[in-house]
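Asks: What follows is the file structure_4.cif, containing mmCIF, C-alpha atoms:
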```cif
data_my_file
#
loop_
_atom_site.group_PDB
_atom_site.id
_atom_site.type_symbol
_atom_site.label_atom_id
_atom_site.label_comp_id
_atom_site.auth_asym_id
_atom_site.auth_seq_id
_atom_site.Cartn_x
_atom_site.Cartn_y
_atom_site.Cartn_z
ATOM 1 C CA MET A 29 102.632 119.563 112.744
ATOM 2 C CA PRO A 30 101.028 119.042 109.284
ATOM 3 C CA MET A 31 103.056 118.316 106.147
ATOM 4 C CA LYS A 32 104.066 121.172 103.895
ATOM 5 C CA GLY A 33 102.626 121.805 100.443
ATOM 6 C CA ARG A 34 99.297 121.821 98.643
ATOM 7 C CA PHE A 35 98.425 118.121 98.674
ATOM 8 C CA PRO A 36 101.218 116.638 100.791
ATOM 9 C CA ILE A 37 99.567 113.235 100.595
ATOM 10 C CA ARG A 38 101.214 112.944 97.182
ATOM 11 C CA ARG A 39 104.509 112.752 98.981
ATOM 12 C CA THR A 40 103.703 109.693 101.074
ATOM 13 C CA LEU A 41 104.994 106.215 100.299
ATOM 14 C CA GLU A 42 101.499 104.815 100.772
ATOM 15 C CA PHE A 43 100.109 107.083 98.051
ATOM 16 C CA LEU A 44 102.968 106.270 95.703
ATOM 17 C CA GLN A 45 102.517 102.556 96.198
ATOM 18 C CA LYS A 46 98.783 102.833 95.484
ATOM 19 C CA GLY A 47 99.532 103.452 91.823
ATOM 20 C CA GLU A 48 98.207 100.582 89.733
ATOM 21 C CA THR A 49 99.711 101.383 86.354
ATOM 22 C CA VAL A 50 102.693 99.144 85.644
ATOM 23 C CA PHE A 51 103.756 99.548 82.017
ATOM 24 C CA LYS A 52 104.560 96.662 79.734
ATOM 25 C CA LYS A 53 108.220 96.046 79.115
ATOM 26 C CA SER A 54 108.167 97.625 75.680
ATOM 27 C CA VAL A 55 107.302 101.144 76.917
ATOM 28 C CA GLN A 56 110.457 103.241 77.157
ATOM 29 C CA ILE A 57 109.425 106.893 77.155
ATOM 30 C CA MET A 58 106.278 108.745 78.182
ATOM 31 C CA THR A 59 105.737 112.347 77.132
ATOM 32 C CA VAL A 60 102.960 114.598 78.396
ATOM 33 C CA ASN A 61 102.090 117.813 76.570
ATOM 34 C CA TYR A 62 99.686 120.044 78.436
ATOM 35 C CA ASN A 63 98.793 123.684 79.000
ATOM 36 C CA THR A 64 98.975 125.623 82.208
ATOM 37 C CA HIS A 65 95.733 127.529 81.586
ATOM 38 C CA GLY A 66 92.439 126.559 80.029
ATOM 39 C CA ASP A 67 89.633 124.199 80.994
ATOM 40 C CA LEU A 68 90.434 121.558 78.403
ATOM 41 C CA SER A 69 93.827 120.867 79.956
ATOM 42 C CA GLU A 70 92.430 120.638 83.479
ATOM 43 C CA GLY A 71 92.334 116.859 83.463
ATOM 44 C CA ALA A 72 95.854 116.677 82.098
ATOM 45 C CA ARG A 73 97.102 119.070 84.749
ATOM 46 C CA LYS A 74 95.536 116.984 87.525
ATOM 47 C CA PHE A 75 96.993 113.861 85.932
ATOM 48 C CA VAL A 76 100.472 115.379 86.034
ATOM 49 C CA PHE A 77 99.958 116.647 89.571
ATOM 50 C CA PHE A 78 98.593 113.447 91.124
ATOM 51 C CA ASN A 79 99.274 110.454 88.953
ATOM 52 C CA ILE A 80 102.669 110.964 87.362
ATOM 53 C CA PRO A 81 104.559 110.366 90.664
ATOM 54 C CA GLN A 82 102.602 107.130 91.106
ATOM 55 C CA ILE A 83 103.431 105.984 87.595
ATOM 56 C CA GLN A 84 107.105 106.868 87.933
ATOM 57 C CA TYR A 85 107.280 105.055 91.272
ATOM 58 C CA LYS A 86 105.977 101.865 89.741
ATOM 59 C CA ASN A 87 108.039 102.218 86.552
ATOM 60 C CA PRO A 88 111.431 103.570 87.581
ATOM 61 C CA TRP A 89 113.046 102.802 84.217
ATOM 62 C CA VAL A 90 110.571 104.685 82.036
ATOM 63 C CA GLN A 91 111.654 108.200 81.113
ATOM 64 C CA ILE A 92 108.807 110.657 81.707
ATOM 65 C CA MET A 93 109.001 114.158 80.259
ATOM 66 C CA MET A 94 106.550 117.022 80.586
ATOM 67 C CA PHE A 95 106.095 119.816 78.047
ATOM 68 C CA LYS A 96 104.053 122.880 78.858
ATOM 69 C CA ASN A 97 102.244 125.241 76.491
ATOM 70 C CA MET A 98 103.637 123.853 73.264
ATOM 71 C CA THR A 99 100.416 122.912 71.512
ATOM 72 C CA PRO A 100 96.839 124.122 71.941
ATOM 73 C CA SER A 101 95.475 120.697 72.830
ATOM 74 C CA PRO A 102 96.885 118.347 75.487
ATOM 75 C CA PHE A 103 98.023 114.808 74.655
ATOM 76 C CA LEU A 104 100.176 111.935 75.865
ATOM 77 C CA ARG A 105 102.748 110.194 73.738
ATOM 78 C CA PHE A 106 104.410 106.863 74.413
ATOM 79 C CA TYR A 107 107.512 105.629 72.634
ATOM 80 C CA LEU A 108 107.781 101.861 72.515
ATOM 81 C CA ASP A 109 110.779 99.611 72.118
ATOM 82 C CA ASP A 110 110.250 98.822 68.452
ATOM 83 C CA GLY A 111 110.008 102.474 67.404
ATOM 84 C CA GLU A 112 106.233 102.588 67.551
ATOM 85 C CA GLN A 113 104.619 105.725 68.976
ATOM 86 C CA VAL A 114 101.251 105.773 70.724
ATOM 87 C CA LEU A 115 99.382 109.067 70.757
ATOM 88 C CA VAL A 116 96.633 109.576 73.344
ATOM 89 C CA ASP A 117 94.386 112.627 73.084
ATOM 90 C CA VAL A 118 93.517 113.884 76.531
ATOM 91 C CA GLU A 119 91.545 117.027 75.806
ATOM 92 C CA GLY A 120 88.604 117.474 78.141
ATOM 93 C CA LYS A 121 89.115 114.163 79.917
ATOM 94 C CA ASP A 122 89.197 113.756 83.669
ATOM 95 C CA HIS A 123 92.450 112.582 85.282
ATOM 96 C CA LYS A 124 90.839 109.354 86.435
ATOM 97 C CA GLU A 125 89.658 108.605 82.904
ATOM 98 C CA ILE A 126 93.176 109.247 81.615
ATOM 99 C CA THR A 127 94.772 106.840 84.108
ATOM 100 C CA ASN A 128 92.234 104.136 83.357
ATOM 101 C CA HIS A 129 92.696 104.540 79.631
ATOM 102 C CA VAL A 130 96.488 104.425 79.898
ATOM 103 C CA LYS A 131 96.310 101.384 82.163
ATOM 104 C CA MET A 132 94.049 99.677 79.670
ATOM 105 C CA ILE A 133 96.193 100.279 76.598
ATOM 106 C CA LEU A 134 99.741 100.006 77.896
ATOM 107 C CA GLY A 135 99.607 98.647 81.406
ATOM 108 C CA LYS A 136 100.101 95.098 82.589
ATOM 109 C CA SER A 137 96.789 93.459 83.390
ATOM 110 C CA ASP A 138 95.848 92.507 86.953
ATOM 111 C CA LYS A 139 96.338 88.804 86.212
ATOM 112 C CA VAL A 140 99.880 89.348 85.001
ATOM 113 C CA LEU A 141 100.683 91.477 88.046
ATOM 114 C CA GLU A 142 99.330 88.828 90.419
ATOM 115 C CA ALA A 143 101.323 86.116 88.688
ATOM 116 C CA GLU A 144 104.483 88.194 88.996
ATOM 117 C CA ALA A 145 103.852 88.891 92.686
ATOM 118 C CA LEU A 146 103.296 85.173 93.262
ATOM 119 C CA ALA A 147 106.527 84.264 91.482
ATOM 120 C CA LYS A 148 108.382 86.798 93.592
ATOM 121 C CA MET A 149 106.904 85.348 96.804
ATOM 122 C CA GLU A 150 107.936 81.838 95.804
ATOM 123 C CA LEU A 151 111.550 82.909 95.530
ATOM 124 C CA SER A 152 111.687 84.013 99.162
ATOM 125 C CA ASN A 153 110.471 81.234 101.467
ATOM 126 C CA PRO A 154 109.852 82.490 105.041
ATOM 127 C CA ALA A 155 110.649 79.011 106.393
ATOM 128 C CA ASN A 156 114.333 79.449 105.534
ATOM 129 C CA PHE A 157 116.899 80.897 107.940
ATOM 130 C CA GLY A 158 120.074 82.789 107.111
ATOM 131 C CA PRO A 159 121.674 86.240 106.757
ATOM 132 C CA LYS A 160 119.298 89.162 107.295
ATOM 133 C CA LYS A 161 119.915 90.399 103.762
ATOM 134 C CA TYR A 162 118.226 87.411 102.133
ATOM 135 C CA PHE A 163 116.043 85.801 104.809
ATOM 136 C CA LEU A 164 113.625 86.873 107.514
ATOM 137 C CA ARG A 165 115.350 85.291 110.514
ATOM 138 C CA GLU A 166 118.894 84.161 111.223
ATOM 139 C CA CYS A 167 118.415 81.678 114.035
ATOM 140 C CA PHE A 168 115.480 79.714 115.374
ATOM 141 C CA SER A 169 115.897 81.466 118.700
ATOM 142 C CA GLU A 170 114.462 84.597 117.104
ATOM 143 C CA VAL A 171 111.037 82.980 116.855
ATOM 144 C CA GLU A 172 108.603 83.904 119.647
ATOM 145 C CA GLY A 173 108.238 81.127 122.208
ATOM 146 C CA GLN A 174 111.692 79.667 121.641
ATOM 147 C CA VAL A 175 114.651 79.816 123.991
ATOM 148 C CA PRO A 176 116.501 83.081 123.228
ATOM 149 C CA HIS A 177 120.266 83.470 122.992
ATOM 150 C CA PRO A 178 121.890 83.788 126.442
ATOM 151 C CA GLY A 179 123.677 86.872 125.110
ATOM 152 C CA PHE A 180 120.355 88.761 125.161
ATOM 153 C CA VAL A 181 118.568 87.144 128.085
ATOM 154 C CA PRO A 182 120.397 85.110 130.770
ATOM 155 C CA LEU A 183 119.243 81.480 130.905
ATOM 156 C CA PRO A 184 117.395 80.293 134.017
ATOM 157 C CA LYS A 185 119.794 78.618 136.441
ATOM 158 C CA GLU A 186 118.418 75.140 135.837
ATOM 159 C CA MET A 187 119.361 75.262 132.134
ATOM 160 C CA THR A 188 122.975 76.456 132.499
ATOM 161 C CA GLY A 189 125.739 73.966 131.824
ATOM 162 C CA LYS A 190 127.654 74.557 135.052
ATOM 163 C CA TYR A 191 124.559 73.980 137.263
ATOM 164 C CA ARG A 192 123.763 70.751 135.476
ATOM 165 C CA ALA A 193 127.381 69.633 135.789
ATOM 166 C CA LYS A 194 127.294 70.383 139.520
ATOM 167 C CA LEU A 195 124.002 68.451 139.877
ATOM 168 C CA ALA A 196 125.430 65.502 137.987
ATOM 169 C CA ALA A 197 128.603 65.575 140.095
ATOM 170 C CA GLY A 198 126.471 65.888 143.265
ATOM 171 C CA SER A 199 124.195 62.958 142.316
ATOM 172 C CA ASP A 200 127.196 60.803 141.367
ATOM 173 C CA GLU A 201 128.815 61.310 144.738
ATOM 174 C CA MET B 10 139.295 96.552 73.606
ATOM 175 C CA SER B 11 136.470 94.694 71.908
ATOM 176 C CA THR B 12 133.238 96.627 71.492
ATOM 177 C CA ARG B 13 130.403 95.391 73.694
ATOM 178 C CA GLN B 14 126.823 95.057 72.561
ATOM 179 C CA ALA B 15 124.067 97.209 74.102
ATOM 180 C CA SER B 16 126.329 99.788 75.681
ATOM 181 C CA VAL B 17 123.533 101.593 77.523
ATOM 182 C CA HIS B 18 120.540 100.144 79.305
ATOM 183 C CA ALA B 19 118.123 102.656 77.761
ATOM 184 C CA LYS B 20 117.440 101.987 74.087
ATOM 185 C CA TRP B 21 115.377 105.100 73.442
ATOM 186 C CA ILE B 22 115.845 108.523 74.959
ATOM 187 C CA ILE B 23 114.184 111.908 74.541
ATOM 188 C CA GLY B 24 115.991 115.136 75.258
ATOM 189 C CA GLN B 25 116.605 118.713 74.283
ATOM 190 C CA VAL B 26 119.538 119.705 72.095
ATOM 191 C CA ILE B 27 121.862 122.088 73.891
ATOM 192 C CA GLY B 28 124.814 122.259 71.535
ATOM 193 C CA THR B 29 125.678 121.640 67.917
ATOM 194 C CA LYS B 30 129.212 123.001 67.783
ATOM 195 C CA MET B 31 130.676 119.556 67.108
ATOM 196 C CA LYS B 32 130.813 118.145 63.626
ATOM 197 C CA LYS B 33 127.960 115.692 63.009
ATOM 198 C CA THR B 34 127.317 115.424 66.751
ATOM 199 C CA ALA B 35 124.590 116.930 68.875
ATOM 200 C CA LYS B 36 124.845 117.477 72.594
ATOM 201 C CA VAL B 37 121.516 116.456 74.122
ATOM 202 C CA ARG B 38 120.326 117.051 77.656
ATOM 203 C CA VAL B 39 118.054 114.317 78.988
ATOM 204 C CA THR B 40 115.973 114.823 82.134
ATOM 205 C CA ARG B 41 114.688 111.946 84.183
ATOM 206 C CA LEU B 42 112.460 112.136 87.244
ATOM 207 C CA VAL B 43 114.332 111.041 90.362
ATOM 208 C CA LEU B 44 112.690 110.604 93.758
ATOM 209 C CA ASP B 45 114.206 112.603 96.589
ATOM 210 C CA PRO B 46 114.486 110.021 99.412
ATOM 211 C CA TYR B 47 113.514 112.383 102.225
ATOM 212 C CA LEU B 48 110.964 114.682 100.588
ATOM 213 C CA LEU B 49 109.458 111.851 98.495
ATOM 214 C CA LYS B 50 109.030 114.264 95.611
ATOM 215 C CA TYR B 51 110.194 113.790 92.046
ATOM 216 C CA TYR B 52 112.713 116.221 90.608
ATOM 217 C CA ASN B 53 114.283 116.432 87.156
ATOM 218 C CA LYS B 54 117.819 115.140 87.049
ATOM 219 C CA ARG B 55 119.831 116.153 84.014
ATOM 220 C CA LYS B 56 122.327 114.127 82.064
ATOM 221 C CA THR B 57 124.011 115.053 78.820
ATOM 222 C CA TYR B 58 124.378 112.589 76.005
ATOM 223 C CA PHE B 59 126.141 112.952 72.692
ATOM 224 C CA ALA B 60 124.264 111.818 69.626
ATOM 225 C CA HIS B 61 125.459 111.175 66.110
ATOM 226 C CA ASP B 62 123.704 113.462 63.662
ATOM 227 C CA PRO B 63 125.070 112.794 60.184
ATOM 228 C CA LEU B 64 123.046 115.451 58.381
ATOM 229 C CA GLU B 65 123.585 118.186 60.993
ATOM 230 C CA GLN B 66 119.862 118.905 61.022
ATOM 231 C CA CYS B 67 119.514 119.769 64.720
ATOM 232 C CA THR B 68 119.462 123.290 66.080
ATOM 233 C CA VAL B 69 119.806 124.281 69.724
ATOM 234 C CA GLY B 70 116.468 123.874 71.495
ATOM 235 C CA ASP B 71 114.989 121.027 69.454
ATOM 236 C CA VAL B 72 113.379 118.149 71.274
ATOM 237 C CA VAL B 73 114.928 115.049 69.858
ATOM 238 C CA LEU B 74 114.450 111.260 70.021
ATOM 239 C CA LEU B 75 117.677 109.272 70.259
ATOM 240 C CA LYS B 76 118.275 105.614 69.650
ATOM 241 C CA ALA B 77 121.082 103.656 71.256
ATOM 242 C CA LEU B 78 123.674 102.462 68.766
ATOM 243 C CA PRO B 79 124.483 98.741 68.779
ATOM 244 C CA GLU B 80 128.110 99.551 69.446
ATOM 245 C CA LYS B 81 129.919 102.652 70.652
ATOM 246 C CA ARG B 82 130.755 105.053 67.888
ATOM 247 C CA SER B 83 133.436 106.807 69.890
ATOM 248 C CA LYS B 84 134.391 107.260 73.521
ATOM 249 C CA HIS B 85 131.329 109.385 74.350
ATOM 250 C CA VAL B 86 128.905 108.916 71.473
ATOM 251 C CA ASN B 87 126.588 105.953 72.125
ATOM 252 C CA HIS B 88 123.385 107.206 70.507
ATOM 253 C CA GLU B 89 122.211 108.424 67.145
ATOM 254 C CA LEU B 90 119.539 110.864 66.158
ATOM 255 C CA GLU B 91 116.342 109.007 65.331
ATOM 256 C CA GLU B 92 113.773 111.761 64.924
ATOM 257 C CA ILE B 93 113.337 115.439 65.699
ATOM 258 C CA VAL B 94 110.135 115.391 67.738
ATOM 259 C CA TYR B 95 109.540 119.137 68.109
ATOM 260 C CA LYS B 96 111.650 121.467 66.002
ATOM 261 C CA VAL B 97 112.209 124.826 67.662
ATOM 262 C CA GLY B 98 109.916 127.445 66.129
ATOM 263 C CA GLN B 99 108.196 124.915 63.864
ATOM 264 C CA VAL B 100 106.269 122.728 66.270
ATOM 265 C CA VAL B 101 103.748 120.532 64.490
ATOM 266 C CA ASP B 102 100.707 119.431 66.443
ATOM 267 C CA PRO B 103 100.548 115.614 66.086
ATOM 268 C CA LEU B 104 96.787 115.536 66.504
ATOM 269 C CA THR B 105 95.968 117.809 63.572
ATOM 270 C CA GLY B 106 99.235 117.968 61.649
ATOM 271 C CA LYS B 107 99.183 121.758 61.548
ATOM 272 C CA ARG B 108 101.937 124.107 62.613
ATOM 273 C CA VAL B 109 101.402 125.495 66.057
ATOM 274 C CA ALA B 110 102.878 128.220 68.274
ATOM 275 C CA GLY B 111 101.969 127.928 71.951
ATOM 276 C CA LYS B 112 98.198 127.885 72.125
ATOM 277 C CA GLN B 113 97.517 129.098 68.608
ATOM 278 C CA TYR B 114 97.393 127.368 65.301
ATOM 279 C CA LEU B 115 99.526 129.045 62.654
ATOM 280 C CA GLU B 116 97.700 127.332 59.821
ATOM 281 C CA PRO B 117 93.915 127.434 59.523
ATOM 282 C CA LEU B 118 92.293 124.297 60.925
ATOM 283 C CA THR B 119 89.630 123.717 58.273
ATOM 284 C CA GLU B 120 90.499 123.846 54.609
ATOM 285 C CA SER B 121 88.368 126.716 53.350
ATOM 286 C CA THR B 122 85.987 125.286 50.773
ATOM 287 C CA GLU B 123 84.719 128.746 49.939
ATOM 288 C CA VAL B 124 85.768 130.118 46.641
ATOM 289 C CA SER B 125 88.137 133.056 46.859
ATOM 290 C CA LEU B 126 86.953 136.569 46.058
ATOM 291 C CA THR B 127 88.688 136.861 42.700
ATOM 292 C CA GLU B 128 87.165 133.650 41.528
ATOM 293 C CA LYS B 129 83.751 134.846 42.668
ATOM 294 C CA LEU B 130 84.151 138.035 40.625
ATOM 295 C CA GLU B 131 85.001 136.056 37.546
ATOM 296 C CA GLN B 132 81.921 133.969 38.018
ATOM 297 C CA LEU B 133 79.739 137.080 38.220
ATOM 298 C CA ASN B 134 81.358 138.174 34.977
ATOM 299 C CA ILE B 135 81.344 141.871 35.678
ATOM 300 C CA THR B 136 82.929 143.664 32.773
ATOM 301 C CA ALA B 137 83.355 147.338 32.073
ATOM 302 C CA SER B 138 80.222 147.415 30.032
ATOM 303 C CA THR B 139 77.845 150.327 30.024
ATOM 304 C CA PRO B 140 75.489 150.029 32.963
ATOM 305 C CA PRO B 141 71.761 149.866 32.190
ATOM 306 C CA SER B 142 70.428 153.351 31.997
ATOM 307 C CA VAL B 143 68.062 154.393 34.723
ATOM 308 C CA SER B 144 65.080 156.086 33.331
#
```
Would you write the structure of this file as structure tokens?

Replies:
Amino acid sequence: MPMKGRFPIRRTLEFLQKGETVFKKSVQIMTVNYNTHGDLSEGARKFVFFNIPQIQYKNPWVQIMMFKNMTPSPFLRFYLDDGEQVLVDVEGKDHKEITNHVKMILGKSDKVLEAEALAKMELSNPANFGPKKYFLRECFSEVEGQVPHPGFVPLPKEMTGKYRAKLAAGSDE
Amino acid sequence: MSTRQASVHAKWIIGQVIGTKMKKTAKVRVTRLVLDPYLLKYYNKRKTYFAHDPLEQCTVGDVVLLKALPEKRSKHVNHELEEIVYKVGQVVDPLTGKRVAGKQYLEPLTESTEVSLTEKLEQLNITASTPPSVS
């Protein structure tokens, strides 16, 4: 059974996570003005249709607002933390050009993103054990190849305490 | 109770004015995109904020930029009006600076460098003199 809608791929986690635009910390609001008809707004319409969910997924704290049919030409407007406003004219551009341009002017660069990902990985060391909320595994028995907890799988007779005690008692006598 | 700094996590907010019945206060509706966890689609979620507007310059329907106040002004008012982005009925296109209504420009785009008709007439200096007789 296929997914519902025009381009249901937009509604998959994989597509949302593919978005590369992570805004710098100073960007607070993003406003898109575009028109519903007309060839010049076509790129802006595709941008809103495909790329806005990706951007919002990667930047959950940025407020994104869309305005339709307010002005004859489409544009993007960003409001930064220090009151500065960035105006981006989008008339006639393709949606891929728009995303690249926005990423270039207000997005974090690839190096910065990699450094952040690395710092995040360093915080969580997979060699540590503990509660499931913070660590990968709770006990060493969860590792493949190790003796599992007898609660899940009964131990072979030779390893149980009572058999060994009986053996020891038998060998003593 | 002592006032706390940075009462809201969002310093800047954009929204539409829905009410101005209060003195020097505007009721602003702010929409944010929220992901539906099952459909994985973004929908607008509304929230109303009250903003301090000392000059009472907002009308219902304006799109307005609000700035968070450093400390709460009253129990509900945490923001103040920073700038009216699009005034209802008098939207100004930021790219050209001209007034705009939907897809049309209300003001002409290019300043007409052509001389107006009356000025042209004066230049031609046509007076009510007797026309040259045609023989």

Asks: For chain A, list the residues within 10 Å of chain B, counting all atoms listed in the file, and write the list as an MDAnalysis selection string.

Replies: chainID A and resid 36 38:41 44 55:59 63 65:66 80:81 84:85 88:94 96:103 105 107:111 115:117

Asks: What does the structure give for the distance between CA of Asp122 in chain A and CA of Val60 in chain A, in Å to one decimal?

Replies: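 Pair CA of Asp122 in chain A / CA of Val60 in chain A returns 14.8 Å.
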
Asks: To one decimal place in Å, what is the distance between CA of Leu164 in chain A and CA of Leu141 in chain A?

Replies: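 We find that CA of Leu164 in chain A and CA of Leu141 in chain A lie 23.8 Å from each other.
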
Asks: Any chance you could work out the residue set of the PyMOL selection byres ((chain A and resi 126-133) around 8) here, as a list of chain:residue names?

Replies: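 What the PyMOL selection byres ((chain A and resi 126-133) around 8) grabs from the file is A:Glu48, A:Thr49, A:Val50, A:Phe51, A:Gly71, A:Ala72, A:Phe75, A:Asn79, A:Val118, A:Lys121, A:Asp122, A:His123, A:Lys124, A:Glu125, A:Leu134, A:Gly135, A:Lys136, A:Ser137.
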
Asks: Convert the output of the PyMOL selection byres ((chain B and resi 31-33) around 9) on the shown file into explicit residues, formatted as a VMD selection string.

Replies: chain B and resid 28 to 30 34 to 36 60 to 66

Asks: Which distance in Å separates CA of Tyr62 in chain A and CA of Phe106 in chain A, to one decimal?

Replies: 14.6 Å

Asks: So that I can check the surroundings of range 169-174 of chain A, please list as an MDAnalysis selection string every protein, DNA and RNA residue that reaches within 12 Å of it, counting only C-alpha atoms and ignoring chain neighbours fewer than 6 positions away.

Replies: chainID A and resid 154:155 157:158 160 180:181

Asks: Between B:Asp71, B:Leu126, B:Pro79, B:Arg38, which has the minimum distance to Gly98 in chain B (counting all atoms listed in the file)?

Replies: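 For Gly98 in chain B, the nearest of the given residues is B:Asp71.
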
Asks: So, with all atoms listed in the file as the atoms that count, which of A:Lys74, A:Lys190, A:Lys185, A:Lys46 lies closest to Lys86 in chain A?

Replies: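 Answer, going by the shortest atom-to-atom distance: A:Lys46.
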
Asks: Because some atoms of range 64-78 of chain B are absent here, can you restore N, CA and C atoms and send them as an mmCIF file, in the frame of the given file?

Replies:
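selection-v3.cif written:
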```cif
data_model
loop_
_atom_site.group_PDB
_atom_site.id
_atom_site.type_symbol
_atom_site.label_atom_id
_atom_site.label_comp_id
_atom_site.auth_asym_id
_atom_site.auth_seq_id
_atom_site.Cartn_x
_atom_site.Cartn_y
_atom_site.Cartn_z
ATOM 1 N N LEU B 64 123.439 114.387 59.300
ATOM 2 C CA LEU B 64 123.046 115.451 58.381
ATOM 3 C C LEU B 64 123.063 116.827 59.033
ATOM 4 N N GLU B 65 123.503 116.905 60.268
ATOM 5 C CA GLU B 65 123.585 118.186 60.993
ATOM 6 C C GLU B 65 122.274 118.945 60.936
ATOM 7 N N GLN B 66 121.150 118.246 61.160
ATOM 8 C CA GLN B 66 119.862 118.905 61.022
ATOM 9 C C GLN B 66 119.297 119.443 62.340
ATOM 10 N N CYS B 67 120.037 119.281 63.445
ATOM 11 C CA CYS B 67 119.514 119.769 64.720
ATOM 12 C C CYS B 67 119.942 121.203 64.947
ATOM 13 N N THR B 68 119.063 121.973 65.591
ATOM 14 C CA THR B 68 119.462 123.290 66.080
ATOM 15 C C THR B 68 119.274 123.283 67.592
ATOM 16 N N VAL B 69 119.883 124.226 68.260
ATOM 17 C CA VAL B 69 119.806 124.281 69.724
ATOM 18 C C VAL B 69 118.360 124.543 70.128
ATOM 19 N N GLY B 70 117.835 123.685 71.029
ATOM 20 C CA GLY B 70 116.468 123.874 71.495
ATOM 21 C C GLY B 70 115.482 122.872 70.941
ATOM 22 N N ASP B 71 115.902 122.042 69.984
ATOM 23 C CA ASP B 71 114.989 121.027 69.454
ATOM 24 C C ASP B 71 114.798 119.933 70.478
ATOM 25 N N VAL B 72 113.611 119.330 70.447
ATOM 26 C CA VAL B 72 113.379 118.149 71.274
ATOM 27 C C VAL B 72 113.550 116.954 70.354
ATOM 28 N N VAL B 73 114.384 116.027 70.776
ATOM 29 C CA VAL B 73 114.928 115.049 69.858
ATOM 30 C C VAL B 73 114.811 113.643 70.443
ATOM 31 N N LEU B 74 114.520 112.651 69.576
ATOM 32 C CA LEU B 74 114.450 111.260 70.021
ATOM 33 C C LEU B 74 115.732 110.557 69.600
ATOM 34 N N LEU B 75 116.411 109.941 70.551
ATOM 35 C CA LEU B 75 117.677 109.272 70.259
ATOM 36 C C LEU B 75 117.522 107.777 70.400
ATOM 37 N N LYS B 76 118.285 107.072 69.570
ATOM 38 C CA LYS B 76 118.275 105.614 69.650
ATOM 39 C C LYS B 76 119.678 105.148 69.997
ATOM 40 N N ALA B 77 119.764 104.155 70.862
ATOM 41 C CA ALA B 77 121.082 103.656 71.256
ATOM 42 C C ALA B 77 121.708 102.913 70.089
ATOM 43 N N LEU B 78 122.988 103.173 69.838
ATOM 44 C CA LEU B 78 123.674 102.462 68.766
ATOM 45 C C LEU B 78 124.054 101.068 69.241
#
```
